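Next comes run-v4.cif, with mmCIF, C-alpha atoms; chains and numbers go by the auth columns.
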data_target
loop_
_atom_site.group_PDB
_atom_site.id
_atom_site.type_symbol
_atom_site.label_atom_id
_atom_site.label_comp_id
_atom_site.label_asym_id
_atom_site.label_seq_id
_atom_site.Cartn_x
_atom_site.Cartn_y
_atom_site.Cartn_z
_atom_site.B_iso_or_equiv
_atom_site.auth_seq_id
_atom_site.auth_asym_id
ATOM 1 C CA MET A 1 0.000 0.000 0.000 0.00 62 X
ATOM 2 C CA ASP A 2 1.165 3.535 -0.816 0.00 63 X
ATOM 3 C CA TYR A 3 1.302 4.923 2.723 0.00 64 X
ATOM 4 C CA LEU A 4 2.961 8.175 1.648 0.00 65 X
ATOM 5 C CA GLY A 5 0.082 8.864 -0.721 0.00 66 X
ATOM 6 C CA LEU A 6 -2.352 8.012 2.057 0.00 67 X
ATOM 7 C CA LEU A 7 -0.674 10.478 4.435 0.00 68 X
ATOM 8 C CA LEU A 8 -0.754 13.205 1.785 0.00 69 X
ATOM 9 C CA THR A 9 -4.460 12.537 1.190 0.00 70 X
ATOM 10 C CA ILE A 10 -5.234 12.689 4.905 0.00 71 X
ATOM 11 C CA ALA A 11 -3.212 15.903 5.198 0.00 72 X
ATOM 12 C CA GLY A 12 -5.197 17.407 2.314 0.00 73 X
ATOM 13 C CA VAL A 13 -8.571 16.458 3.779 0.00 74 X
ATOM 14 C CA LEU A 14 -7.534 17.787 7.192 0.00 75 X
ATOM 15 C CA THR A 15 -6.373 21.057 5.630 0.00 76 X
ATOM 16 C CA LEU A 16 -9.748 21.533 3.936 0.00 77 X
ATOM 17 C CA SER A 17 -11.452 20.858 7.248 0.00 78 X
ATOM 18 C CA LEU A 18 -9.286 23.459 8.995 0.00 79 X
ATOM 19 C CA LEU A 19 -10.071 26.068 6.337 0.00 80 X
ATOM 20 C CA SER A 20 -13.795 25.680 6.997 0.00 81 X
ATOM 21 C CA PRO A 21 -14.837 28.470 9.418 0.00 82 X
ATOM 22 C CA GLY A 22 -16.365 27.358 12.694 0.00 83 X
ATOM 23 C CA PRO A 23 -16.140 27.802 16.475 0.00 84 X
ATOM 24 C CA ASN A 24 -12.385 27.144 16.460 0.00 85 X
ATOM 25 C CA PHE A 25 -11.800 29.969 13.991 0.00 86 X
ATOM 26 C CA VAL A 26 -13.977 32.368 15.969 0.00 87 X
ATOM 27 C CA ILE A 27 -12.296 31.585 19.285 0.00 88 X
ATOM 28 C CA VAL A 28 -8.695 31.950 18.127 0.00 89 X
ATOM 29 C CA THR A 29 -9.242 35.124 16.075 0.00 90 X
ATOM 30 C CA SER A 30 -11.384 36.864 18.688 0.00 91 X
ATOM 31 C CA THR A 31 -8.899 36.021 21.452 0.00 92 X
ATOM 32 C CA ALA A 32 -5.972 37.321 19.398 0.00 93 X
ATOM 33 C CA MET A 33 -7.775 40.599 18.673 0.00 94 X
ATOM 34 C CA THR A 34 -9.368 41.256 22.049 0.00 95 X
ATOM 35 C CA HIS A 35 -6.600 40.037 24.369 0.00 96 X
ATOM 36 C CA SER A 36 -3.103 39.571 22.984 0.00 97 X
ATOM 37 C CA ARG A 37 -0.960 37.718 20.490 0.00 98 X
ATOM 38 C CA ARG A 38 0.277 35.426 23.266 0.00 99 X
ATOM 39 C CA ALA A 39 -3.253 34.545 24.362 0.00 100 X
ATOM 40 C CA GLY A 40 -4.287 33.880 20.768 0.00 101 X
ATOM 41 C CA VAL A 41 -1.291 31.621 20.147 0.00 102 X
ATOM 42 C CA LEU A 42 -1.967 29.732 23.380 0.00 103 X
ATOM 43 C CA VAL A 43 -5.578 29.174 22.326 0.00 104 X
ATOM 44 C CA GLY A 44 -4.198 27.936 18.995 0.00 105 X
ATOM 45 C CA ILE A 45 -1.952 25.512 20.857 0.00 106 X
ATOM 46 C CA GLY A 46 -4.976 24.271 22.799 0.00 107 X
ATOM 47 C CA LEU A 47 -6.882 23.736 19.550 0.00 108 X
ATOM 48 C CA ALA A 48 -3.905 21.868 18.096 0.00 109 X
ATOM 49 C CA ALA A 49 -3.676 19.689 21.205 0.00 110 X
ATOM 50 C CA ALA A 50 -7.340 18.789 20.717 0.00 111 X
ATOM 51 C CA SER A 51 -6.682 17.868 17.071 0.00 112 X
ATOM 52 C CA PHE A 52 -3.834 15.664 18.296 0.00 113 X
ATOM 53 C CA ALA A 53 -6.166 14.024 20.808 0.00 114 X
ATOM 54 C CA TRP A 54 -8.950 13.499 18.246 0.00 115 X
ATOM 55 C CA ALA A 55 -6.506 11.950 15.765 0.00 116 X
ATOM 56 C CA LEU A 56 -5.211 9.660 18.491 0.00 117 X
ATOM 57 C CA LEU A 57 -8.776 8.592 19.278 0.00 118 X
ATOM 58 C CA ALA A 58 -9.501 8.012 15.583 0.00 119 X
ATOM 59 C CA VAL A 59 -6.441 5.796 15.275 0.00 120 X
ATOM 60 C CA ALA A 60 -7.561 3.925 18.402 0.00 121 X
ATOM 61 C CA GLY A 61 -10.984 3.209 16.892 0.00 122 X
ATOM 62 C CA LEU A 62 -13.222 6.212 17.632 0.00 123 X
ATOM 63 C CA ALA A 63 -15.725 5.283 14.928 0.00 124 X
ATOM 64 C CA PHE A 64 -16.254 1.833 16.467 0.00 125 X
ATOM 65 C CA ILE A 65 -16.716 3.298 19.946 0.00 126 X
ATOM 66 C CA ILE A 66 -19.328 5.784 18.716 0.00 127 X
ATOM 67 C CA SER A 67 -21.164 3.094 16.749 0.00 128 X
ATOM 68 C CA GLN A 68 -21.422 0.966 19.899 0.00 129 X
ATOM 69 C CA ALA A 69 -22.387 3.862 22.194 0.00 130 X
ATOM 70 C CA SER A 70 -24.541 6.362 20.323 0.00 131 X
ATOM 71 C CA TRP A 71 -25.455 8.015 23.623 0.00 132 X
ATOM 72 C CA LEU A 72 -21.835 9.131 23.957 0.00 133 X
ATOM 73 C CA TYR A 73 -22.061 11.193 20.783 0.00 134 X
ATOM 74 C CA LEU A 74 -25.371 12.719 21.903 0.00 135 X
ATOM 75 C CA ASP A 75 -23.964 13.624 25.327 0.00 136 X
ATOM 76 C CA ILE A 76 -20.860 15.260 23.855 0.00 137 X
ATOM 77 C CA LYS A 77 -23.035 17.055 21.310 0.00 138 X
ATOM 78 C CA PHE A 78 -25.286 18.451 24.064 0.00 139 X
ATOM 79 C CA VAL A 79 -22.399 19.592 26.268 0.00 140 X
ATOM 80 C CA GLY A 80 -20.627 21.103 23.281 0.00 141 X
ATOM 81 C CA ALA A 81 -23.730 23.002 22.169 0.00 142 X
ATOM 82 C CA VAL A 82 -24.290 24.451 25.643 0.00 143 X
ATOM 83 C CA TYR A 83 -20.615 25.422 25.906 0.00 144 X
ATOM 84 C CA LEU A 84 -20.744 27.269 22.580 0.00 145 X
ATOM 85 C CA ILE A 85 -23.878 29.126 23.664 0.00 146 X
ATOM 86 C CA VAL A 86 -22.246 30.165 26.964 0.00 147 X
ATOM 87 C CA LEU A 87 -19.145 31.406 25.136 0.00 148 X
ATOM 88 C CA GLY A 88 -21.328 33.307 22.694 0.00 149 X
ATOM 89 C CA VAL A 89 -23.335 34.977 25.449 0.00 150 X
ATOM 90 C CA LYS A 90 -20.123 36.005 27.235 0.00 151 X
ATOM 91 C CA MET A 91 -18.774 37.473 23.993 0.00 152 X
ATOM 92 C CA VAL A 92 -21.962 39.467 23.357 0.00 153 X
ATOM 93 C CA LEU A 93 -22.083 40.778 26.935 0.00 154 X
ATOM 94 C CA GLY A 94 -18.437 41.845 26.765 0.00 155 X
ATOM 95 C CA ALA A 95 -18.645 43.405 23.321 0.00 156 X
ATOM 96 C CA ARG A 96 -18.863 46.965 24.682 0.00 157 X
ATOM 97 C CA ARG A 97 -15.858 46.640 26.954 0.00 158 X
ATOM 98 C CA PRO A 98 -12.725 48.534 25.846 0.00 159 X
ATOM 99 C CA LEU A 99 -10.142 46.584 23.885 0.00 160 X
ATOM 100 C CA ALA A 100 -7.580 45.077 26.267 0.00 161 X
ATOM 101 C CA ALA A 101 -4.076 46.504 26.123 0.00 162 X
ATOM 102 C CA PRO A 102 -1.536 44.352 24.240 0.00 163 X
ATOM 103 C CA GLY A 103 0.037 41.763 26.492 0.00 164 X
ATOM 104 C CA MET A 104 -3.026 41.152 28.652 0.00 165 X
ATOM 105 C CA GLY A 105 -3.987 37.511 28.810 0.00 166 X
ATOM 106 C CA GLU A 106 -7.041 35.551 29.803 0.00 167 X
ATOM 107 C CA GLY A 107 -6.286 34.709 33.394 0.00 168 X
ATOM 108 C CA GLY A 108 -3.009 32.937 32.622 0.00 169 X
ATOM 109 C CA GLY A 109 -1.528 30.829 29.863 0.00 170 X
ATOM 110 C CA SER A 110 -3.095 27.586 31.049 0.00 171 X
ATOM 111 C CA ALA A 111 -6.567 29.150 30.875 0.00 172 X
ATOM 112 C CA ALA A 112 -6.081 30.130 27.232 0.00 173 X
ATOM 113 C CA VAL A 113 -4.755 26.683 26.278 0.00 174 X
ATOM 114 C CA ARG A 114 -7.607 25.018 28.170 0.00 175 X
ATOM 115 C CA LYS A 115 -10.159 27.247 26.445 0.00 176 X
ATOM 116 C CA GLY A 116 -8.929 26.233 22.989 0.00 177 X
ATOM 117 C CA PHE A 117 -8.731 22.566 23.928 0.00 178 X
ATOM 118 C CA VAL A 118 -12.243 22.428 25.391 0.00 179 X
ATOM 119 C CA VAL A 119 -13.822 24.318 22.477 0.00 180 X
ATOM 120 C CA SER A 120 -12.372 21.866 19.961 0.00 181 X
ATOM 121 C CA MET A 121 -13.018 18.739 22.032 0.00 182 X
ATOM 122 C CA MET A 122 -16.639 19.804 22.553 0.00 183 X
ATOM 123 C CA ASN A 123 -17.088 20.758 18.886 0.00 184 X
ATOM 124 C CA PRO A 124 -19.402 18.205 17.198 0.00 185 X
ATOM 125 C CA LYS A 125 -17.756 19.117 13.891 0.00 186 X
ATOM 126 C CA SER A 126 -14.563 17.552 15.241 0.00 187 X
ATOM 127 C CA ILE A 127 -16.458 14.464 16.372 0.00 188 X
ATOM 128 C CA ALA A 128 -18.101 14.101 12.964 0.00 189 X
ATOM 129 C CA PHE A 129 -14.812 14.569 11.097 0.00 190 X
ATOM 130 C CA TYR A 130 -12.541 12.369 13.192 0.00 191 X
ATOM 131 C CA GLY A 131 -15.241 9.816 13.975 0.00 192 X
ATOM 132 C CA SER A 132 -16.380 9.285 10.380 0.00 193 X
ATOM 133 C CA ILE A 133 -14.408 10.622 7.409 0.00 194 X
ATOM 134 C CA PHE A 134 -11.052 10.637 9.161 0.00 195 X
ATOM 135 C CA ALA A 135 -11.554 7.263 10.853 0.00 196 X
ATOM 136 C CA ILE A 136 -12.585 5.660 7.560 0.00 197 X
ATOM 137 C CA MET A 137 -9.381 6.855 5.892 0.00 198 X
ATOM 138 C CA VAL A 138 -7.163 5.370 8.600 0.00 199 X
ATOM 139 C CA PRO A 139 -6.087 1.855 7.481 0.00 200 X
ATOM 140 C CA ALA A 140 -6.860 -0.978 9.866 0.00 201 X
ATOM 141 C CA HIS A 141 -3.552 -2.826 9.610 0.00 202 X
ATOM 142 C CA ALA A 142 -0.916 -0.213 8.826 0.00 203 X
ATOM 143 C CA PRO A 143 2.572 -0.079 10.348 0.00 204 X
ATOM 144 C CA VAL A 144 2.851 1.767 13.656 0.00 205 X
ATOM 145 C CA TRP A 145 4.837 4.590 12.045 0.00 206 X
ATOM 146 C CA VAL A 146 1.842 5.394 9.826 0.00 207 X
ATOM 147 C CA TYR A 147 -0.415 5.872 12.848 0.00 208 X
ATOM 148 C CA VAL A 148 2.216 8.001 14.562 0.00 209 X
ATOM 149 C CA ALA A 149 2.576 10.100 11.406 0.00 210 X
ATOM 150 C CA ILE A 150 -1.194 10.613 11.149 0.00 211 X
ATOM 151 C CA VAL A 151 -1.434 11.895 14.715 0.00 212 X
ATOM 152 C CA PHE A 152 1.652 14.091 14.271 0.00 213 X
ATOM 153 C CA ILE A 153 0.354 15.575 11.001 0.00 214 X
ATOM 154 C CA SER A 154 -3.011 16.387 12.593 0.00 215 X
ATOM 155 C CA GLY A 155 -1.427 18.247 15.493 0.00 216 X
ATOM 156 C CA LEU A 156 1.159 20.017 13.328 0.00 217 X
ATOM 157 C CA LEU A 157 -1.257 21.276 10.659 0.00 218 X
ATOM 158 C CA SER A 158 -3.689 22.486 13.320 0.00 219 X
ATOM 159 C CA ALA A 159 -0.906 24.287 15.201 0.00 220 X
ATOM 160 C CA LEU A 160 0.373 25.980 12.036 0.00 221 X
ATOM 161 C CA TRP A 161 -3.109 27.108 10.983 0.00 222 X
ATOM 162 C CA TYR A 162 -4.530 28.306 14.289 0.00 223 X
ATOM 163 C CA CYS A 163 -1.315 29.870 15.610 0.00 224 X
ATOM 164 C CA GLY A 164 -0.876 31.500 12.207 0.00 225 X
ATOM 165 C CA LEU A 165 -4.369 32.993 12.512 0.00 226 X
ATOM 166 C CA ALA A 166 -3.499 34.268 15.979 0.00 227 X
ATOM 167 C CA LEU A 167 -0.346 35.955 14.684 0.00 228 X
ATOM 168 C CA LEU A 168 -2.218 37.487 11.759 0.00 229 X
ATOM 169 C CA PHE A 169 -5.180 38.835 13.722 0.00 230 X
ATOM 170 C CA SER A 170 -2.989 40.204 16.523 0.00 231 X
ATOM 171 C CA LYS A 171 -0.826 42.297 14.182 0.00 232 X
ATOM 172 C CA GLY A 172 -0.520 45.955 15.100 0.00 233 X
ATOM 173 C CA ALA A 173 -2.239 47.000 11.883 0.00 234 X
ATOM 174 C CA VAL A 174 -5.244 44.803 12.592 0.00 235 X
ATOM 175 C CA ARG A 175 -5.873 45.760 16.225 0.00 236 X
ATOM 176 C CA PRO A 176 -6.568 49.500 15.634 0.00 237 X
ATOM 177 C CA GLN A 177 -8.986 48.629 12.854 0.00 238 X
ATOM 178 C CA PHE A 178 -10.649 46.044 15.050 0.00 239 X
ATOM 179 C CA ALA A 179 -10.924 48.526 17.930 0.00 240 X
ATOM 180 C CA ARG A 180 -13.142 50.743 15.758 0.00 241 X
ATOM 181 C CA VAL A 181 -15.585 47.945 15.022 0.00 242 X
ATOM 182 C CA LYS A 182 -15.086 45.854 18.170 0.00 243 X
ATOM 183 C CA THR A 183 -18.619 46.174 19.539 0.00 244 X
ATOM 184 C CA TRP A 184 -20.522 45.007 16.498 0.00 245 X
ATOM 185 C CA MET A 185 -17.907 42.461 15.418 0.00 246 X
ATOM 186 C CA GLU A 186 -17.737 40.776 18.840 0.00 247 X
ATOM 187 C CA THR A 187 -21.519 40.844 18.982 0.00 248 X
ATOM 188 C CA ALA A 188 -21.668 39.204 15.566 0.00 249 X
ATOM 189 C CA MET A 189 -19.077 36.575 16.549 0.00 250 X
ATOM 190 C CA GLY A 190 -20.966 35.869 19.762 0.00 251 X
ATOM 191 C CA LEU A 191 -24.227 35.471 17.863 0.00 252 X
ATOM 192 C CA VAL A 192 -22.501 33.070 15.467 0.00 253 X
ATOM 193 C CA LEU A 193 -21.412 30.904 18.395 0.00 254 X
ATOM 194 C CA ILE A 194 -24.891 31.071 19.932 0.00 255 X
ATOM 195 C CA GLY A 195 -26.441 30.175 16.584 0.00 256 X
ATOM 196 C CA GLN A 196 -24.114 27.234 16.033 0.00 257 X
ATOM 197 C CA GLY A 197 -24.714 26.019 19.567 0.00 258 X
ATOM 198 C CA GLY A 198 -28.464 26.352 19.162 0.00 259 X
ATOM 199 C CA ARG A 199 -28.441 24.538 15.834 0.00 260 X
ATOM 200 C CA LEU A 200 -26.470 21.682 17.365 0.00 261 X
ATOM 201 C CA LEU A 201 -28.714 21.604 20.412 0.00 262 X
ATOM 202 C CA PHE A 202 -31.916 21.223 18.426 0.00 263 X
ATOM 203 C CA SER A 203 -30.646 19.277 15.419 0.00 264 X
ATOM 204 C CA PRO A 204 -31.716 15.608 15.245 0.00 265 X
#
Can you give me the file's structure in the form of structure tokens?
Amino acid sequence: MDYLGLLLTIAGVLTLSLLSPGPNFVIVTSTAMTHSRRAGVLVGIGLAAASFAWALLAVAGLAFIISQASWLYLDIKFVGAVYLIVLGVKMVLGARRPLAAPGMGEGGGSAAVRKGFVVSMMNPKSIAFYGSIFAIMVPAHAPVWVYVAIVFISGLLSALWYCGLALLFSKGAVRPQFARVKTWMETAMGLVLIGQGGRLLFSP
């Protein structure tokens, strides 16, 4: 079997998934703009750690586990939906607060990393991707190095993308522009999170 081709295919599919806007995108960009570059990067690291964890679960047989325990998916979906709604409400309520001075974090580095990790782990989009499409692409009897490479690629691509977003949206040229439209943009981002959470909460 052409394992190199398989890894390139998985990397391509994962890249397309990362490019699709969702809660992860909102969290890392809003944190970078409203708090600091460091906080945004740390959230990106948390998101990447979650991608690493999801890939590890997929390699370990996530699809089989979900198929045997459908209630697990429903429980994670419910908790994830509520978490997104809470984050959205907090963002809307804080939209009118002044933009934090550069260098201010979110209650410490561990809090920012944890925030990114929890958002991604509770994101049903991640469950659907790693538990179905991704899990199907992972060969059942591949060499160990292939599984290690899959997990490594997932974490690396996620880190490059989300930390790159944090660096971009925390640039000095972006922050002043964001400060002028902070109220309505944070309100819009918060409503997006609330809407996505609500859709997940009431979807069959």
| message | Could you tell me how far atom CA of Val199 of chain X sits from atom CA of Ile71 of chain X, in Å to one decimal place? | response | 8.4 Å
Counting all atoms listed in the file, find the residues whose atoms lie at most 12 Å from (-5.9, 10.6, 21.0) (file coordinates) and write them out as a PDB file with C-alpha atoms, in the frame of the given file.
ATOM      1  CA  ALA X 109      -3.905  21.868  18.096  1.00  0.00           C
ATOM      2  CA  ALA X 110      -3.676  19.689  21.205  1.00  0.00           C
ATOM      3  CA  ALA X 111      -7.340  18.789  20.717  1.00  0.00           C
ATOM      4  CA  SER X 112      -6.682  17.868  17.071  1.00  0.00           C
ATOM      5  CA  PHE X 113      -3.834  15.664  18.296  1.00  0.00           C
ATOM      6  CA  ALA X 114      -6.166  14.024  20.808  1.00  0.00           C
ATOM      7  CA  TRP X 115      -8.950  13.499  18.246  1.00  0.00           C
ATOM      8  CA  ALA X 116      -6.506  11.950  15.765  1.00  0.00           C
ATOM      9  CA  LEU X 117      -5.211   9.660  18.491  1.00  0.00           C
ATOM     10  CA  LEU X 118      -8.776   8.592  19.278  1.00  0.00           C
ATOM     11  CA  ALA X 119      -9.501   8.012  15.583  1.00  0.00           C
ATOM     12  CA  VAL X 120      -6.441   5.796  15.275  1.00  0.00           C
ATOM     13  CA  ALA X 121      -7.561   3.925  18.402  1.00  0.00           C
ATOM     14  CA  GLY X 122     -10.984   3.209  16.892  1.00  0.00           C
ATOM     15  CA  LEU X 123     -13.222   6.212  17.632  1.00  0.00           C
ATOM     16  CA  MET X 182     -13.018  18.739  22.032  1.00  0.00           C
ATOM     17  CA  TYR X 191     -12.541  12.369  13.192  1.00  0.00           C
ATOM     18  CA  GLY X 192     -15.241   9.816  13.975  1.00  0.00           C
ATOM     19  CA  TYR X 208      -0.415   5.872  12.848  1.00  0.00           C
ATOM     20  CA  VAL X 209       2.216   8.001  14.562  1.00  0.00           C
ATOM     21  CA  ILE X 211      -1.194  10.613  11.149  1.00  0.00           C
ATOM     22  CA  VAL X 212      -1.434  11.895  14.715  1.00  0.00           C
ATOM     23  CA  PHE X 213       1.652  14.091  14.271  1.00  0.00           C
ATOM     24  CA  SER X 215      -3.011  16.387  12.593  1.00  0.00           C
ATOM     25  CA  GLY X 216      -1.427  18.247  15.493  1.00  0.00           C
TER      26      GLY X 216
END
| task | I need the residue set behind the PyMOL selection byres ((chain X and resi 83) around 10) for this file; please write it as a PyMOL selection string. | result | chain X and resi 78-82+84-88+181+184+186+253-254+257
Can you list, as a PDB file with C-alpha atoms, keeping the file's coordinate frame, the residues that the PyMOL selection byres ((chain X and resi 148-159) around 6) selects here?
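Printed below is result25.pdb as written:
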ATOM      1  CA  LEU X 145     -20.744  27.269  22.580  1.00  0.00           C
ATOM      2  CA  ILE X 146     -23.878  29.126  23.664  1.00  0.00           C
ATOM      3  CA  VAL X 147     -22.246  30.165  26.964  1.00  0.00           C
ATOM      4  CA  LEU X 160     -10.142  46.584  23.885  1.00  0.00           C
ATOM      5  CA  THR X 244     -18.619  46.174  19.539  1.00  0.00           C
ATOM      6  CA  GLU X 247     -17.737  40.776  18.840  1.00  0.00           C
ATOM      7  CA  THR X 248     -21.519  40.844  18.982  1.00  0.00           C
ATOM      8  CA  GLY X 251     -20.966  35.869  19.762  1.00  0.00           C
ATOM      9  CA  LEU X 254     -21.412  30.904  18.395  1.00  0.00           C
ATOM     10  CA  ILE X 255     -24.891  31.071  19.932  1.00  0.00           C
TER      11      ILE X 255
END
| said: Report as a PyMOL selection string all protein, DNA and RNA residues lying within 12 Å of Thr70 of chain X, evaluated on all atoms listed in the file, omitting residues in the same chain fewer than 4 positions from it. | reply: chain X and resi 63-66+74-77+194-195+198-199+211+214
| said: Here's a test: counting all atoms listed in the file, identify every protein, DNA and RNA residue with an atom at most 6 Å from (1.2, 26.7, 19.1) in the file's coordinate frame, and state them as a PyMOL selection string. | reply: chain X and resi 102+105-106+220+224
| query | In Å, with one decimal, what is the gap from atom CA of Ala93 of chain X to atom CA of Arg260 of chain X? | reply |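 Value for the atom CA of Ala93 of chain X-atom CA of Arg260 of chain X distance: 26.1 Å.
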| request: Go through X:Ala173, X:Ala142, X:Ala203, X:Ile188 one by one, measure the shortest atom-to-atom distance of each to Arg98 of chain X using all atoms listed in the file, and give the residue with the smallest value. | output: X:Ala173
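Atom pair atom CA of Gly73 of chain X / atom CA of Trp206 of chain X has a distance of 19.0 Å (rounded to one decimal).
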| request: Starting from the displayed file, determine the output of the PyMOL selection byres ((chain X and resi 101) around 8) and express the residue list as an MDAnalysis selection string. | output: chainID X and resid 89:94 96:100 102:105 173 224 227:228 231
| task | Find the residues near Leu262 of chain X: any atom within 9 Å, counting all atoms listed in the file, skip ones fewer than 6 places away on the same chain, and give them as a list of chain:residue names. | result | X:Lys138, X:Phe139, X:Val140, X:Gly141, X:Ala142, X:Val143
The centre and edge lengths of an axis-aligned box containing all atoms of segment 98-108 of chain X present in the file, extended by 3 Å on each side, are to be given in Å to one decimal, as JSON.
{"center_x": -3.3, "center_y": 30.7, "center_z": 21.7, "size_x": 13.2, "size_y": 20.0, "size_z": 11.4}
| Looking at all atoms listed in the file, which of X:Leu252, X:Leu108, X:Lys176, X:Trp245 is the one that sits closest to Leu221 of chain X? |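 Closest candidate: X:Leu108.
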